[in-house]
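Raw contents of work.cif, mmCIF, C-alpha atoms:
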```cif
data_protein
loop_
_atom_site.label_atom_id
_atom_site.label_comp_id
_atom_site.auth_asym_id
_atom_site.auth_seq_id
_atom_site.Cartn_x
_atom_site.Cartn_y
_atom_site.Cartn_z
CA MET A 600 123.38 88.79 74.03
CA VAL A 601 123.88 86.42 76.95
CA ASN A 602 127.45 85.82 78.13
CA SER A 603 127.90 82.03 77.95
CA GLU A 604 130.74 82.14 80.50
CA HIS A 605 128.45 83.82 83.04
CA VAL A 606 125.77 81.20 82.42
CA GLN A 607 128.26 78.39 83.00
CA ILE A 608 129.32 79.89 86.33
CA LEU A 609 125.68 80.22 87.34
CA GLU A 610 125.08 76.57 86.48
CA LYS A 611 127.58 75.63 89.22
CA GLY A 612 125.15 76.83 91.87
CA THR A 613 124.48 79.81 94.10
CA GLU A 614 127.52 79.36 96.33
CA ALA A 615 129.96 79.28 93.39
CA TRP A 616 128.21 82.21 91.73
CA ASN A 617 128.27 84.39 94.83
CA GLN A 618 131.95 83.63 95.36
CA TRP A 619 132.66 84.63 91.75
CA ARG A 620 130.82 87.92 92.35
CA LYS A 621 133.02 88.58 95.41
CA ASP A 622 136.16 87.81 93.43
CA ASN A 623 135.05 89.97 90.48
CA PRO A 624 133.26 92.98 92.01
CA THR A 625 133.69 95.17 88.90
CA VAL A 626 132.11 92.68 86.48
CA SER A 627 128.46 93.27 85.57
CA PRO A 628 126.79 89.89 84.86
CA ASP A 629 125.27 89.64 81.41
CA LEU A 630 122.42 87.12 81.46
CA GLN A 631 120.22 88.79 78.87
CA GLY A 632 117.76 86.30 77.43
CA ALA A 633 119.06 83.45 79.61
CA ASN A 634 116.72 80.58 80.46
CA LEU A 635 116.75 80.20 84.26
CA SER A 636 113.24 78.81 84.54
CA GLY A 637 112.59 76.59 87.53
CA LYS A 638 116.04 76.99 89.08
CA ASP A 639 116.78 77.40 92.80
CA CYS A 640 118.48 80.79 93.09
CA CYS A 641 117.69 81.57 96.73
CA GLU A 642 120.08 84.07 98.34
CA ILE A 643 121.87 84.65 95.03
CA ASN A 644 123.61 87.94 94.27
CA LEU A 645 122.31 89.26 90.94
CA SER A 646 122.67 92.92 91.80
CA GLY A 647 123.25 95.08 88.74
CA ALA A 648 122.87 92.09 86.40
CA ASN A 649 121.49 92.38 82.88
CA LEU A 650 118.51 90.03 82.86
CA ASN A 651 116.53 91.74 80.13
CA GLN A 652 114.23 89.29 78.32
CA ALA A 653 115.44 86.47 80.59
CA ASN A 654 113.13 83.60 81.51
CA LEU A 655 112.88 83.24 85.29
CA SER A 656 109.40 81.70 85.36
CA ARG A 657 108.73 79.50 88.42
CA THR A 658 112.24 80.24 89.68
CA PHE A 659 112.94 80.36 93.42
CA ILE A 660 114.76 83.64 94.13
CA ARG A 661 113.90 84.12 97.81
CA TRP A 662 116.03 86.44 99.97
CA ALA A 663 118.24 87.27 97.01
CA ASN A 664 119.84 90.53 95.92
CA LEU A 665 118.63 91.91 92.58
CA SER A 666 119.07 95.57 93.41
CA GLN A 667 119.65 97.76 90.35
CA ALA A 668 119.23 94.76 88.04
CA GLN A 669 117.73 95.18 84.57
CA LEU A 670 114.78 92.87 83.89
CA ILE A 671 113.02 94.69 81.08
CA GLY A 672 110.54 92.34 79.42
CA ALA A 673 111.65 89.42 81.59
CA GLN A 674 109.38 86.44 82.27
CA LEU A 675 108.77 85.84 85.98
CA THR A 676 105.36 84.16 85.98
CA GLY A 677 104.84 82.20 89.18
CA THR A 678 108.30 83.15 90.45
CA ASP A 679 108.90 83.25 94.22
CA LEU A 680 110.77 86.44 95.08
CA SER A 681 109.84 86.59 98.76
CA GLY A 682 112.17 88.76 100.84
CA THR A 683 114.30 89.74 97.85
CA ASN A 684 116.01 93.11 97.45
CA LEU A 685 114.63 94.67 94.25
CA GLU A 686 115.54 98.25 95.07
CA HIS A 687 116.02 100.44 91.96
CA VAL A 688 115.32 97.42 89.72
CA ASN A 689 113.91 97.92 86.21
CA LEU A 690 111.00 95.54 85.65
CA SER A 691 109.24 97.58 82.98
CA GLN A 692 107.08 95.42 80.68
CA ALA A 693 108.05 92.32 82.67
CA ASN A 694 105.54 89.52 83.22
CA LEU A 695 105.15 88.78 86.94
CA GLN A 696 101.69 87.27 86.74
CA GLY A 697 101.01 85.16 89.82
CA ALA A 698 104.43 85.92 91.33
CA THR A 699 104.97 85.67 95.10
CA MET A 700 106.62 88.86 96.30
CA ARG A 701 105.96 89.02 100.03
CA TRP A 702 108.24 91.38 101.95
CA VAL A 703 110.24 92.40 98.87
CA ASP A 704 111.96 95.78 98.65
CA LEU A 705 110.75 97.46 95.46
CA SER A 706 111.55 101.00 96.55
CA PHE A 707 112.41 103.27 93.62
CA ALA A 708 111.77 100.38 91.23
CA ASN A 709 110.38 100.82 87.71
CA LEU A 710 107.45 98.53 86.88
CA THR A 711 106.00 100.58 84.02
CA GLN A 712 103.53 98.49 81.98
CA ALA A 713 104.47 95.33 83.86
CA ASN A 714 101.92 92.54 84.36
CA LEU A 715 101.39 91.64 88.02
CA GLN A 716 97.92 90.11 87.75
CA GLY A 717 97.28 87.98 90.80
CA ALA A 718 100.71 88.71 92.28
CA THR A 719 101.16 88.70 96.07
CA LEU A 720 102.96 91.77 97.44
CA SER A 721 101.78 91.75 101.05
CA GLY A 722 104.15 93.58 103.36
CA SER A 723 106.27 94.81 100.45
CA ASN A 724 108.07 98.14 100.20
CA LEU A 725 107.07 100.05 97.05
CA CYS A 726 108.03 103.52 98.28
CA HIS A 727 108.58 105.96 95.40
CA SER A 728 108.27 103.17 92.83
CA THR A 729 107.05 103.87 89.29
CA LEU A 730 103.94 101.81 88.62
CA THR A 731 102.65 103.63 85.55
CA GLU A 732 100.12 101.63 83.50
CA THR A 733 100.96 98.55 85.54
CA ASP A 734 98.41 95.72 85.60
CA PHE A 735 97.67 94.86 89.25
CA ARG A 736 94.29 93.19 88.75
CA ARG A 737 93.54 90.84 91.65
CA ALA A 738 96.97 91.55 93.16
CA GLU A 739 97.43 91.56 96.95
CA PHE A 740 99.05 94.53 98.72
CA ARG A 741 98.00 93.91 102.32
CA TRP A 742 100.00 96.21 104.62
CA ALA A 743 102.30 97.21 101.75
CA ASP A 744 104.26 100.46 102.04
CA MET A 745 103.38 102.46 98.92
CA ARG A 746 104.26 105.95 100.11
CA GLY A 747 105.06 108.25 97.21
CA ALA A 748 104.43 105.55 94.59
CA ASP A 749 103.37 106.68 91.10
CA LEU A 750 100.28 104.69 90.09
CA LEU A 751 99.38 106.79 87.05
CA GLU A 752 96.82 104.82 84.99
CA ALA A 753 97.60 101.63 86.91
CA ASP A 754 94.86 98.99 87.03
CA LEU A 755 93.94 97.97 90.59
CA THR A 756 90.69 96.23 89.67
CA TRP A 757 89.78 93.73 92.42
CA ALA A 758 93.12 94.39 94.13
CA ASP A 759 93.44 93.83 97.88
CA LEU A 760 95.01 96.93 99.46
CA ARG A 761 93.80 96.41 103.02
CA GLY A 762 96.04 98.33 105.38
CA ALA A 763 98.25 99.66 102.57
CA ASP A 764 100.09 102.93 103.21
CA LEU A 765 99.38 105.23 100.25
CA ARG A 766 100.52 108.48 101.80
CA SER A 767 101.57 110.98 99.11
CA ALA A 768 100.99 108.36 96.39
CA ALA A 769 99.85 109.49 92.93
CA LEU A 770 96.66 107.68 91.93
CA GLU A 771 95.96 109.87 88.91
CA SER A 772 93.61 108.10 86.47
CA THR A 773 94.17 104.91 88.47
CA ILE A 774 91.49 102.25 87.98
CA ALA A 775 90.34 101.00 91.38
CA ILE A 776 87.12 99.24 90.42
CA SER A 777 86.04 96.79 93.15
CA ALA A 778 89.35 97.33 94.97
CA ASP A 779 89.51 96.89 98.76
CA PHE A 780 91.12 99.83 100.58
CA THR A 781 89.88 98.88 104.05
CA GLN A 782 92.11 100.50 106.71
CA ALA A 783 94.39 102.00 104.04
CA ILE A 784 96.12 105.34 104.60
CA PHE A 785 95.45 108.05 102.00
CA THR A 786 96.81 111.21 103.60
CA GLY A 787 98.46 113.43 100.98
CA ALA A 788 97.55 111.15 98.05
CA CYS A 789 96.51 112.61 94.69
CA LEU A 790 93.22 111.16 93.42
CA GLN A 791 92.85 113.14 90.20
CA ASN A 792 90.45 111.31 87.88
CA TRP A 793 90.81 108.00 89.70
CA GLU A 794 88.07 105.49 88.90
CA ILE A 795 86.16 103.67 91.62
CA SER A 796 82.93 101.69 91.61
CA ILE A 797 80.02 101.10 93.94
CA ASP A 798 81.80 98.15 95.54
CA THR A 799 85.20 99.81 95.99
CA LYS A 800 85.74 99.45 99.75
CA LEU A 801 86.83 102.55 101.68
CA ASP A 802 85.99 101.40 105.21
CA ASP A 803 87.97 102.56 108.24
CA ILE A 804 90.53 104.42 106.15
CA GLU A 805 92.93 106.97 107.59
CA CYS A 806 93.03 110.25 105.68
CA LEU A 807 93.74 113.77 106.91
CA HIS A 808 93.76 115.44 103.49
CA ILE A 809 94.09 114.63 99.77
CA TYR A 810 94.78 116.45 96.51
CA LEU A 811 92.42 116.42 93.53
CA GLN A 812 95.01 117.81 91.12
CA ALA A 813 98.61 116.84 90.42
CA ASP A 814 101.57 118.62 92.00
CA GLN A 815 99.71 118.97 95.30
CA GLN A 816 97.04 121.23 93.84
CA ASP A 817 93.38 121.50 94.95
CA ARG A 818 93.93 120.36 98.52
CA GLN A 819 90.88 118.93 100.26
CA PRO A 820 90.02 120.20 102.75
CA PRO A 821 91.65 123.57 101.85
CA GLU A 822 92.75 123.98 105.47
CA GLY A 823 93.00 121.65 108.43
CA ASP A 824 92.12 117.96 108.30
CA PHE A 825 89.14 115.86 107.34
CA THR A 826 86.57 115.18 110.01
CA ALA A 827 84.79 111.84 110.27
CA ASP A 828 83.31 110.50 106.98
CA VAL A 829 84.13 113.65 105.00
CA PHE A 830 86.56 111.77 102.75
CA ARG A 831 83.86 109.27 101.78
CA LYS A 832 81.38 112.07 101.10
CA LEU A 833 83.95 113.80 98.92
CA VAL A 834 84.49 110.80 96.65
CA GLN A 835 80.87 109.61 96.77
CA PRO A 836 79.75 111.75 93.77
CA LYS A 837 82.24 109.80 91.67
CA LEU A 838 80.04 106.77 92.20
CA ALA A 839 77.44 108.15 89.79
CA THR A 840 78.90 105.70 87.29
CA LEU A 841 78.67 101.94 87.13
CA ASP A 842 81.62 99.89 85.88
CA LEU A 843 80.97 96.44 84.43
CA ILE A 844 83.86 94.03 83.97
CA PHE A 845 83.75 91.13 81.50
CA MET A 846 86.83 88.99 82.20
CA ASP A 847 86.31 86.45 79.40
CA GLY A 848 85.35 88.73 76.54
CA ILE A 849 81.85 89.85 75.66
CA ASN A 850 79.01 88.78 73.39
CA TRP A 851 78.06 92.17 71.97
CA LEU A 852 74.68 91.16 70.60
CA ALA A 853 73.69 89.70 73.97
CA PHE A 854 74.98 92.78 75.81
CA LEU A 855 73.23 95.33 73.58
CA THR A 856 69.94 93.44 73.82
CA ALA A 857 70.28 93.29 77.62
CA PHE A 858 71.20 96.99 77.71
CA GLN A 859 68.06 97.92 75.77
CA SER A 860 65.98 96.00 78.30
CA LEU A 861 67.79 97.82 81.09
CA CYS A 862 67.06 101.25 79.61
CA THR A 863 63.40 100.35 79.31
CA GLU A 864 63.17 99.02 82.87
CA PHE A 865 65.08 101.97 84.39
CA GLU A 866 63.94 104.69 82.00
CA GLN A 867 63.92 107.35 84.74
CA ASP A 868 67.63 106.82 85.42
CA GLU A 869 68.72 107.99 81.95
CA ILE A 870 71.41 105.32 81.67
CA GLU A 871 74.07 105.81 79.00
CA ILE A 872 77.18 103.92 77.90
CA ARG A 873 80.00 106.30 78.76
CA ASP A 874 83.08 104.29 77.88
CA VAL A 875 84.16 100.90 76.51
CA GLU A 876 87.74 99.76 77.02
CA LYS A 877 89.50 96.58 76.01
CA LYS A 878 92.12 95.59 78.56
CA HIS A 879 94.77 92.88 78.84
CA GLY A 880 93.81 89.29 78.09
CA GLY A 881 90.54 90.09 76.31
CA THR A 882 88.91 91.69 79.37
CA TYR A 883 86.39 94.45 78.67
CA SER A 884 85.39 97.31 80.95
CA ILE A 885 82.11 99.08 80.19
CA ARG A 886 81.27 102.22 82.13
CA LEU A 887 77.65 103.29 82.42
CA LYS A 888 76.60 106.80 83.34
CA VAL A 889 73.62 106.82 85.69
CA ASP A 890 71.76 109.28 87.85
CA LYS A 891 73.62 109.83 91.14
CA HIS A 892 70.45 108.83 93.00
CA SER A 893 70.08 105.55 91.09
CA ASP A 894 70.06 102.18 92.80
CA LEU A 895 73.32 100.90 91.31
CA GLU A 896 73.08 97.44 92.82
CA ASN A 897 69.65 96.84 91.28
CA ILE A 898 70.78 98.19 87.92
CA GLU A 899 73.87 95.96 87.87
CA ALA A 900 71.91 92.89 88.99
CA PHE A 901 69.22 93.46 86.33
CA LEU A 902 71.75 93.90 83.54
CA LYS A 903 73.76 90.83 84.53
CA GLN A 904 70.62 88.70 84.68
CA ALA A 905 69.39 90.00 81.32
CA TYR A 906 72.84 89.40 79.78
CA ASP A 907 73.02 85.83 81.14
CA GLN A 908 69.56 85.13 79.75
CA GLN A 909 70.63 86.34 76.31
CA LEU A 910 73.72 84.13 76.44
CA LEU A 911 71.58 81.14 77.40
CA MET A 912 69.18 81.78 74.52
CA ALA A 913 72.11 82.14 72.10
CA SER A 914 73.57 78.82 73.23
CA LYS A 915 70.33 77.04 72.36
CA ILE A 916 70.25 78.30 68.79
#
```
Turn the structure described in the file into structure tokens.
Amino acid sequence: MVNSEHVQILEKGTEAWNQWRKDNPTVSPDLQGANLSGKDCCEINLSGANLNQANLSRTFIRWANLSQAQLIGAQLTGTDLSGTNLEHVNLSQANLQGATMRWVDLSFANLTQANLQGATLSGSNLCHSTLTETDFRRAEFRWADMRGADLLEADLTWADLRGADLRSAALESTIAISADFTQAIFTGACLQNWEISIDTKLDDIECLHIYLQADQQDRQPPEGDFTADVFRKLVQPKLATLDLIFMDGINWLAFLTAFQSLCTEFEQDEIEIRDVEKKHGGTYSIRLKVDKHSDLENIEAFLKQAYDQQLLMASKI
């Protein structure tokens, strides 16, 4: 339950609030469920505060201190947190969709099952952070420091990780469909059961060795370091699948009709539906199993065209 006295002090402005924190260093602010939407809280000291379920949507919290704060289930859509200290913060199940988080310190933070779709985290520090089942679709991590981060079952679909440092990161069962890892660093990362697609970019990466099992098991290469292009060749067999993303739902009748046409046209490729998964916001991911020698680009283009044709025909009925 929110402490009304603490809210009243906060309403006086950042300067008054920060002075109150200095005068009362042993008091832990209780702002649980408070509505702080749209406020200017730049450079505010909210370290250790209870902000669980609070509404901070479209709030300006640049260069502030939220270290060790509790923001479980908080609303921070469109919030500007640039340069803020979020070390050891708990943002599990929080909604940070579209948030601006350039140069933030999220080291050792907990973002389990948080929603960061479209968030900007370029230059951020996410060292040893817990990002389990976190939704990072279309998020930007350019030059982010993600060493030792736990990305178990995180969704990096269409994420921009150019230049990101993923040394010793755990990408176990991480979805990286259409992600851009250009110039990223993978040395020591665990890639057990990670999911990539034909257009996942792995250009100019830096990688001396990786692990294909958790707890630094199944080191590749077993000894020494990778030579040129060996990393790409190692993960290339994983591209014998084709992942189709439907952001705005799916017309199943149109898809199944288009899929039948695809199987007829590419009969020699023995195409099968391997997995169907419904994700956040009504998005569907359909994974097709194909022959590793198949022309994936042609298969995807044919299916998309056939599906669009079926939708057009349905709209005319």
Applied to this file, what does the PyMOL selection byres ((chain A and resi 825) around 12) return in terms of residues, put as a PDB file with C-alpha atoms, in the frame of the given file?
```pdb
ATOM      1  CA  PHE A 785      95.450 108.050 102.000  1.00  0.00           C
ATOM      2  CA  THR A 786      96.810 111.210 103.600  1.00  0.00           C
ATOM      3  CA  GLY A 787      98.460 113.430 100.980  1.00  0.00           C
ATOM      4  CA  ILE A 804      90.530 104.420 106.150  1.00  0.00           C
ATOM      5  CA  GLU A 805      92.930 106.970 107.590  1.00  0.00           C
ATOM      6  CA  CYS A 806      93.030 110.250 105.680  1.00  0.00           C
ATOM      7  CA  LEU A 807      93.740 113.770 106.910  1.00  0.00           C
ATOM      8  CA  HIS A 808      93.760 115.440 103.490  1.00  0.00           C
ATOM      9  CA  ILE A 809      94.090 114.630  99.770  1.00  0.00           C
ATOM     10  CA  ARG A 818      93.930 120.360  98.520  1.00  0.00           C
ATOM     11  CA  GLN A 819      90.880 118.930 100.260  1.00  0.00           C
ATOM     12  CA  PRO A 820      90.020 120.200 102.750  1.00  0.00           C
ATOM     13  CA  PRO A 821      91.650 123.570 101.850  1.00  0.00           C
ATOM     14  CA  GLU A 822      92.750 123.980 105.470  1.00  0.00           C
ATOM     15  CA  GLY A 823      93.000 121.650 108.430  1.00  0.00           C
ATOM     16  CA  ASP A 824      92.120 117.960 108.300  1.00  0.00           C
ATOM     17  CA  THR A 826      86.570 115.180 110.010  1.00  0.00           C
ATOM     18  CA  ALA A 827      84.790 111.840 110.270  1.00  0.00           C
ATOM     19  CA  ASP A 828      83.310 110.500 106.980  1.00  0.00           C
ATOM     20  CA  VAL A 829      84.130 113.650 105.000  1.00  0.00           C
ATOM     21  CA  PHE A 830      86.560 111.770 102.750  1.00  0.00           C
ATOM     22  CA  ARG A 831      83.860 109.270 101.780  1.00  0.00           C
ATOM     23  CA  LYS A 832      81.380 112.070 101.100  1.00  0.00           C
ATOM     24  CA  LEU A 833      83.950 113.800  98.920  1.00  0.00           C
TER      25      LEU A 833
END
```
Residue list as a list in words for point (104.3, 89.1, 100.6), cut-off 6 Å, all atoms listed in the file: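 The distance filter leaves exactly Met700, Arg701, Trp702, Thr719, Leu720, Ser721 and Gly722 of chain A.
Using all atoms listed in the file, the residues found no farther than 6 Å from range 673-676 of chain A, other than those of its own chain fewer than 4 positions away, are Asn651, Gln652, Ala653, Asn654, Leu655, Ser656, Ala693, Asn694, Leu695, Gln696, Gly697 and Ala698 of chain A.
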Tell me, as a PyMOL selection string, which residues lie within 6 Å of range 794-802 of chain A, counting all atoms listed in the file; anything in the same chain fewer than 3 positions away does not count. chain A and resi 774-781+838
How would the residues just picked look written out with C-alpha atoms as a JSON list (two decimals), in the frame of the given file?
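Writing the result to out_18.json gives the following:
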```
[["chain", "number", "residue", "atom", "x", "y", "z"],
["A", 774, "ILE", "CA", 91.49, 102.25, 87.98],
["A", 775, "ALA", "CA", 90.34, 101.00, 91.38],
["A", 776, "ILE", "CA", 87.12, 99.24, 90.42],
["A", 777, "SER", "CA", 86.04, 96.79, 93.15],
["A", 778, "ALA", "CA", 89.35, 97.33, 94.97],
["A", 779, "ASP", "CA", 89.51, 96.89, 98.76],
["A", 780, "PHE", "CA", 91.12, 99.83, 100.58],
["A", 781, "THR", "CA", 89.88, 98.88, 104.05],
["A", 838, "LEU", "CA", 80.04, 106.77, 92.20]]
```
Distance criterion (all atoms listed in the file): nearest to Glu864 in chain A out of A:Leu680, A:Cys789, A:Ile898, A:Leu852: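 Going through A:Leu680, A:Cys789, A:Ile898, A:Leu852 one by one, the smallest distance to Glu864 in chain A is for A:Ile898.
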Could you list the residues chosen by the PyMOL selection byres ((chain A and resi 602) around 8) in this structure as a PyMOL selection string? chain A and resi 600-601+603-606+628-631
How would the residues just chosen look if you wrote them out with C-alpha atoms as a PDB file, in the coordinates of the input?
```
ATOM      1  CA  MET A 600     123.380  88.790  74.030  1.00  0.00           C
ATOM      2  CA  VAL A 601     123.880  86.420  76.950  1.00  0.00           C
ATOM      3  CA  SER A 603     127.900  82.030  77.950  1.00  0.00           C
ATOM      4  CA  GLU A 604     130.740  82.140  80.500  1.00  0.00           C
ATOM      5  CA  HIS A 605     128.450  83.820  83.040  1.00  0.00           C
ATOM      6  CA  VAL A 606     125.770  81.200  82.420  1.00  0.00           C
ATOM      7  CA  PRO A 628     126.790  89.890  84.860  1.00  0.00           C
ATOM      8  CA  ASP A 629     125.270  89.640  81.410  1.00  0.00           C
ATOM      9  CA  LEU A 630     122.420  87.120  81.460  1.00  0.00           C
ATOM     10  CA  GLN A 631     120.220  88.790  78.870  1.00  0.00           C
TER      11      GLN A 631
END
```
Running the PyMOL selection byres ((chain A and resi 749) around 9) on this model by hand, what would come out? Give it as a list in words.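 Checked against the file, the PyMOL selection byres ((chain A and resi 749) around 9) matches His727, Ser728, Thr729, Leu730, Thr731, Met745, Gly747, Ala748, Leu750, Leu751, Ala753, Ala768, Ala769, Leu770 and Glu771 of chain A.
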Out of A:Gly682, A:Gly717, A:Gly612, A:Gly677, which residue has the shortest atom-to-atom distance to Gly637 in chain A when counting only C-alpha atoms?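 Of A:Gly682, A:Gly717, A:Gly612, A:Gly677, the one nearest Gly637 in chain A, counting only C-alpha atoms, is A:Gly677.
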So how far away is CA of Ser706 in chain A from CA of Thr613 in chain A, in Å?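 So the answer is 24.9 Å.
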CA of Asn644 in chain A and CA of Arg746 in chain A, how far apart in Å?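 One can read the CA of Arg746 in chain A to CA of Asn644 in chain A distance as 27.1 Å.
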Mind pulling up the distance from CA of Tyr906 in chain A to CA of Phe854 in chain A?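 Interatomic distance here is 5.6 Å.
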Taking all listed atoms of range 706-710 of chain A, build the axis-aligned box, pad each of the six sides by 5 Å, then write its centre and edge lengths in Å to one decimal as JSON.
```
{"center_x": 109.9, "center_y": 100.9, "center_z": 91.7, "size_x": 15.0, "size_y": 14.7, "size_z": 19.7}
```
Point out the residue among A:Gln716, A:Asp639, A:Leu811, A:Thr856 with the least atom-to-atom distance to Glu614 in chain A, counting all atoms listed in the file.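 Using all atoms listed in the file, the shortest distance to Glu614 in chain A belongs to A:Asp639.
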For Ser884 in chain A, the closest of A:Thr756, A:Ser860, A:Ser627, A:Asn792 counting all atoms listed in the file is A:Thr756
Option closest in space to Thr773 in chain A, from A:Arg736, A:Lys638, A:Arg761, A:Arg741 [counting only C-alpha atoms]: A:Arg736
Counting only C-alpha atoms, what is within 6 Å of range 839-849 of chain A, bar same-chain residues fewer than 5 positions away, as a tab-separated table (two decimals) with C-alpha atoms, in the coordinates of the input?
```tsv
chain	number	residue	atom	x	y	z
A	881	GLY	CA	90.54	90.09	76.31
A	882	THR	CA	88.91	91.69	79.37
A	883	TYR	CA	86.39	94.45	78.67
A	884	SER	CA	85.39	97.31	80.95
A	885	ILE	CA	82.11	99.08	80.19
A	886	ARG	CA	81.27	102.22	82.13
A	887	LEU	CA	77.65	103.29	82.42
A	888	LYS	CA	76.60	106.80	83.34
A	889	VAL	CA	73.62	106.82	85.69
A	891	LYS	CA	73.62	109.83	91.14
```
Closest of A:Leu902, A:Cys640, A:Lys611, A:Gly647 to Val626 in chain A - atom-to-atom distances counting all atoms listed in the file: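 Once distances to Val626 in chain A are computed over all atoms listed in the file, the minimum belongs to A:Gly647.
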Give me range 712-731 of chain A with N, CA and C atoms filled in, as a PDB file, in the coordinates of the input.
```pdb
ATOM      1  N   GLN A 712     104.195  99.428  82.902  1.00  0.00           N
ATOM      2  CA  GLN A 712     103.530  98.490  81.980  1.00  0.00           C
ATOM      3  C   GLN A 712     103.845  97.023  82.266  1.00  0.00           C
ATOM      4  N   ALA A 713     104.245  96.734  83.483  1.00  0.00           N
ATOM      5  CA  ALA A 713     104.470  95.330  83.860  1.00  0.00           C
ATOM      6  C   ALA A 713     103.130  94.653  84.151  1.00  0.00           C
ATOM      7  N   ASN A 714     103.120  93.329  84.078  1.00  0.00           N
ATOM      8  CA  ASN A 714     101.920  92.540  84.360  1.00  0.00           C
ATOM      9  C   ASN A 714     102.095  91.817  85.684  1.00  0.00           C
ATOM     10  N   LEU A 715     101.347  92.271  86.698  1.00  0.00           N
ATOM     11  CA  LEU A 715     101.390  91.640  88.020  1.00  0.00           C
ATOM     12  C   LEU A 715     100.013  91.127  88.413  1.00  0.00           C
ATOM     13  N   GLN A 716      99.239  90.662  87.445  1.00  0.00           N
ATOM     14  CA  GLN A 716      97.920  90.110  87.750  1.00  0.00           C
ATOM     15  C   GLN A 716      98.062  88.970  88.752  1.00  0.00           C
ATOM     16  N   GLY A 717      97.297  89.059  89.834  1.00  0.00           N
ATOM     17  CA  GLY A 717      97.280  87.980  90.800  1.00  0.00           C
ATOM     18  C   GLY A 717      98.548  87.836  91.612  1.00  0.00           C
ATOM     19  N   ALA A 718      99.464  88.783  91.513  1.00  0.00           N
ATOM     20  CA  ALA A 718     100.710  88.710  92.280  1.00  0.00           C
ATOM     21  C   ALA A 718     100.449  89.015  93.757  1.00  0.00           C
ATOM     22  N   THR A 719     101.278  88.478  94.630  1.00  0.00           N
ATOM     23  CA  THR A 719     101.160  88.700  96.070  1.00  0.00           C
ATOM     24  C   THR A 719     102.302  89.593  96.525  1.00  0.00           C
ATOM     25  N   LEU A 720     101.951  90.804  97.007  1.00  0.00           N
ATOM     26  CA  LEU A 720     102.960  91.770  97.440  1.00  0.00           C
ATOM     27  C   LEU A 720     102.709  92.219  98.871  1.00  0.00           C
ATOM     28  N   SER A 721     102.092  91.374  99.673  1.00  0.00           N
ATOM     29  CA  SER A 721     101.780  91.750 101.050  1.00  0.00           C
ATOM     30  C   SER A 721     103.055  92.066 101.821  1.00  0.00           C
ATOM     31  N   GLY A 722     103.012  93.178 102.556  1.00  0.00           N
ATOM     32  CA  GLY A 722     104.150  93.580 103.360  1.00  0.00           C
ATOM     33  C   GLY A 722     105.322  94.136 102.574  1.00  0.00           C
ATOM     34  N   SER A 723     105.157  94.362 101.286  1.00  0.00           N
ATOM     35  CA  SER A 723     106.270  94.810 100.450  1.00  0.00           C
ATOM     36  C   SER A 723     106.491  96.317 100.564  1.00  0.00           C
ATOM     37  N   ASN A 724     107.695  96.731 100.203  1.00  0.00           N
ATOM     38  CA  ASN A 724     108.070  98.140 100.200  1.00  0.00           C
ATOM     39  C   ASN A 724     108.100  98.625  98.754  1.00  0.00           C
ATOM     40  N   LEU A 725     107.124  99.476  98.389  1.00  0.00           N
ATOM     41  CA  LEU A 725     107.070 100.050  97.050  1.00  0.00           C
ATOM     42  C   LEU A 725     107.207 101.568  97.102  1.00  0.00           C
ATOM     43  N   CYS A 726     107.881 102.079  98.116  1.00  0.00           N
ATOM     44  CA  CYS A 726     108.030 103.520  98.280  1.00  0.00           C
ATOM     45  C   CYS A 726     108.687 104.145  97.039  1.00  0.00           C
ATOM     46  N   HIS A 727     108.050 105.185  96.523  1.00  0.00           N
ATOM     47  CA  HIS A 727     108.580 105.960  95.400  1.00  0.00           C
ATOM     48  C   HIS A 727     108.826 105.109  94.148  1.00  0.00           C
ATOM     49  N   SER A 728     108.134 104.000  94.025  1.00  0.00           N
ATOM     50  CA  SER A 728     108.270 103.170  92.830  1.00  0.00           C
ATOM     51  C   SER A 728     107.401 103.732  91.704  1.00  0.00           C
ATOM     52  N   THR A 729     107.800 103.435  90.469  1.00  0.00           N
ATOM     53  CA  THR A 729     107.050 103.870  89.290  1.00  0.00           C
ATOM     54  C   THR A 729     106.205 102.711  88.803  1.00  0.00           C
ATOM     55  N   LEU A 730     104.882 102.879  88.939  1.00  0.00           N
ATOM     56  CA  LEU A 730     103.940 101.810  88.620  1.00  0.00           C
ATOM     57  C   LEU A 730     102.978 102.269  87.526  1.00  0.00           C
ATOM     58  N   THR A 731     103.473 103.050  86.603  1.00  0.00           N
ATOM     59  CA  THR A 731     102.650 103.630  85.550  1.00  0.00           C
ATOM     60  C   THR A 731     102.122 102.573  84.588  1.00  0.00           C
TER      61      THR A 731
END
```
